[in-house]
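In what follows, a single structure is set out as structure tokens and then discussed.
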Amino acid sequence: MIRLLLADDEGLIRGALAALLALEPDLTVVGEAADSVTAVEVARRERSDLAILDLEMPPGDGLRAATEIRSRLDIPVVLVTRHARPAVLRRALAAGVAGFVPKTTPAARLAEIIRAVHSGRRYVDPEIAASALTEDECPLTDRELEILAVVRGGAPIAEVAATVHLAPGTVRNYLSAAMAKLGADTRHAAAHHAWQQGWI
């Protein structure tokens, strides 16, 4: 029996998926979570064999939770997502995520993927993999990405500066450079674009 942690902030989807996976004779959902922080706690408490995490889960995201679960428990993680951005795939694979599937995957197919991942294999949706091979490289520096990640949370310049340990004027310079590279009119538009591309 493969013991599963299932984490998704959408209760209806989480409940439906848990019910469908429970129909499989060798799968059992031993824990559920509605956010990324609880997912880590439940995975540790229930000693699950494999975690299935929604990528777009607050307050962090499924990738952050996956990294923490992998470091604490060393169990395989499958990420499911509605927005399969190729750059996120690369980050997920670098973090040791073993499966990356869209939410449109049928439950029976997901069960097959879970079994394959549990046996030590990796699975990446073919369309996501193809997109990742043709995606443009990120034109932003690591520092610009770091600042845009904070901006995306809605923080004002002073708070961004304090978070990244830079002067407000320096933060504005980095943001201007990032906006110019992305052709964005505002810092929030630049942050949203970077998020859409999976760079942050």
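Chains: A, B, ... in order of the structure tokens. Residues: from 1 per chain. Ligands: from 1, in order shown.
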Among the residues of region 90-167 of chain A, find those DSSP assigns to helix (DSSP H, G or I) from the backbone and print them as number ranges by chain.
A: 90-94, 107-118, 126-134, 142-152, 157-164
Which residues are near Ile157 (chain A)? Cut-off 8 Å, only C-alpha atoms, ignore same chain within fewer than 2 positions. Put them as a count of residues only.
8
Nearest to Leu27 (chain A) among A:Leu53, A:Val117, A:Ala111, A:Val40, with distances taken over only C-alpha atoms: which residue is it?
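Among the listed residues, the smallest separation from Leu27 (chain A) belongs to A:Ala111.
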Give me the residues within 12 Å of Pro59 (chain A) as a CSV table (one decimal) with all heavy atoms, in the first residue's frame, counting only C-alpha atoms and dropping any in the same chain fewer than 6 places off.
chain,number,residue,atom,x,y,z
A,8,ASP,N,-3.7,20.5,-1.7
A,8,ASP,CA,-4.3,21.4,-2.7
A,8,ASP,C,-5.1,22.4,-2.0
A,8,ASP,O,-5.9,22.1,-1.1
A,8,ASP,CB,-5.1,20.7,-3.7
A,8,ASP,CG,-5.4,21.5,-5.0
A,8,ASP,OD1,-5.9,22.6,-4.8
A,8,ASP,OD2,-5.2,21.0,-6.1
A,9,ASP,N,-5.0,23.7,-2.3
A,9,ASP,CA,-5.7,24.7,-1.6
A,9,ASP,C,-7.2,24.8,-2.0
A,9,ASP,O,-8.0,25.4,-1.4
A,9,ASP,CB,-5.1,26.1,-1.7
A,9,ASP,CG,-5.0,26.6,-3.2
A,9,ASP,OD1,-4.8,25.8,-4.0
A,9,ASP,OD2,-5.3,27.8,-3.4
A,34,ALA,N,-4.3,22.0,3.0
A,34,ALA,CA,-4.9,23.0,2.2
A,34,ALA,C,-3.9,24.1,1.9
A,34,ALA,O,-4.2,25.1,1.2
A,34,ALA,CB,-6.1,23.6,2.8
A,35,ASP,N,-2.7,24.0,2.5
A,35,ASP,CA,-1.6,25.0,2.2
A,35,ASP,C,-0.3,24.4,2.3
A,35,ASP,O,-0.1,23.3,2.8
A,35,ASP,CB,-1.8,26.2,3.2
A,35,ASP,CG,-1.6,25.8,4.6
A,35,ASP,OD1,-0.4,25.5,5.0
A,35,ASP,OD2,-2.6,25.8,5.4
A,36,SER,N,0.8,25.1,1.8
A,36,SER,CA,2.1,24.5,1.7
A,36,SER,C,2.7,24.3,3.1
A,36,SER,O,3.5,23.3,3.3
A,36,SER,CB,3.0,25.5,0.9
A,36,SER,OG,3.0,26.8,1.4
A,37,VAL,N,2.4,25.1,4.1
A,37,VAL,CA,3.0,24.9,5.4
A,37,VAL,C,2.4,23.7,6.1
A,37,VAL,O,3.2,22.8,6.6
A,37,VAL,CB,2.8,26.1,6.3
A,37,VAL,CG1,3.2,25.9,7.7
A,37,VAL,CG2,3.5,27.3,5.8
A,38,THR,N,1.1,23.5,6.0
A,38,THR,CA,0.5,22.3,6.6
A,38,THR,C,0.9,21.1,5.9
A,38,THR,O,1.0,20.0,6.5
A,38,THR,CB,-1.1,22.5,6.5
A,38,THR,OG1,-1.4,23.7,7.1
A,38,THR,CG2,-1.8,21.4,7.2
A,39,ALA,N,1.1,21.2,4.6
A,39,ALA,CA,1.6,20.0,3.8
A,39,ALA,C,2.8,19.4,4.4
A,39,ALA,O,3.0,18.2,4.5
A,39,ALA,CB,1.8,20.4,2.3
A,65,ALA,N,7.3,23.8,-0.7
A,65,ALA,CA,6.9,22.7,0.2
A,65,ALA,C,7.6,21.4,-0.2
A,65,ALA,O,8.1,20.6,0.6
A,65,ALA,CB,5.4,22.5,0.2
A,153,GLY,N,4.7,40.2,-4.0
A,153,GLY,CA,3.9,40.1,-2.8
A,153,GLY,C,3.2,41.4,-2.4
A,153,GLY,O,2.4,41.4,-1.5
Could you tell me how far CA of Ile52 (chain A) sits from CA of Leu79 (chain A), in Å to one decimal place?
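Between these atoms lies a distance of 5.9 Å.
Here CA of Asp125 (chain A) stands at a distance of 11.3 Å from CA of Val78 (chain A).
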Just want the 12 Å neighbourhood of Thr170 (chain A), counted on only C-alpha atoms, with same-chain residues fewer than 4 positions away dropped. Output as a PyMOL selection string.
chain A and resi 143-144+147+157-158+160-162+164-166+174-177
Pairwise distance, CA of Pro76 (chain A) with CA of Leu50 (chain A), equals 5.1 Å
Of the residues A:Arg72, A:Arg121, A:His193, A:Arg115, which is the one nearest to Leu140 (chain A), using only C-alpha atoms?
A:His193
Would you pick out the contacts of Arg82 (chain A) at 8 Å or less, using only C-alpha atoms, so that residues sharing its chain but fewer than 2 positions from it are not included, and give the list as a list in words?
Val80, Ala84, Pro102, Lys103 and Thr104 of chain A
Take the residues that were just selected and, keeping N, CA and C atoms, output them as a tab-separated table (two decimals), in the first residue's frame.
chain	number	residue	atom	x	y	z
A	80	VAL	N	1.43	18.85	-9.19
A	80	VAL	CA	0.36	19.01	-10.18
A	80	VAL	C	0.09	20.50	-10.33
A	84	ALA	N	1.44	25.14	-16.31
A	84	ALA	CA	2.69	24.41	-16.43
A	84	ALA	C	3.74	25.27	-17.12
A	102	PRO	N	0.09	18.05	-15.35
A	102	PRO	CA	-0.98	19.07	-15.36
A	102	PRO	C	-2.21	18.55	-14.63
A	103	LYS	N	-3.05	19.48	-14.15
A	103	LYS	CA	-4.27	19.09	-13.44
A	103	LYS	C	-5.29	18.42	-14.35
A	104	THR	N	-5.07	18.48	-15.64
A	104	THR	CA	-5.98	17.82	-16.58
A	104	THR	C	-5.71	16.32	-16.68
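Closest approach to Met179 (chain A) among A:Ile69, A:Ala94, A:Leu12, A:Ala194 is made by A:Ala194 (distances from only C-alpha atoms).
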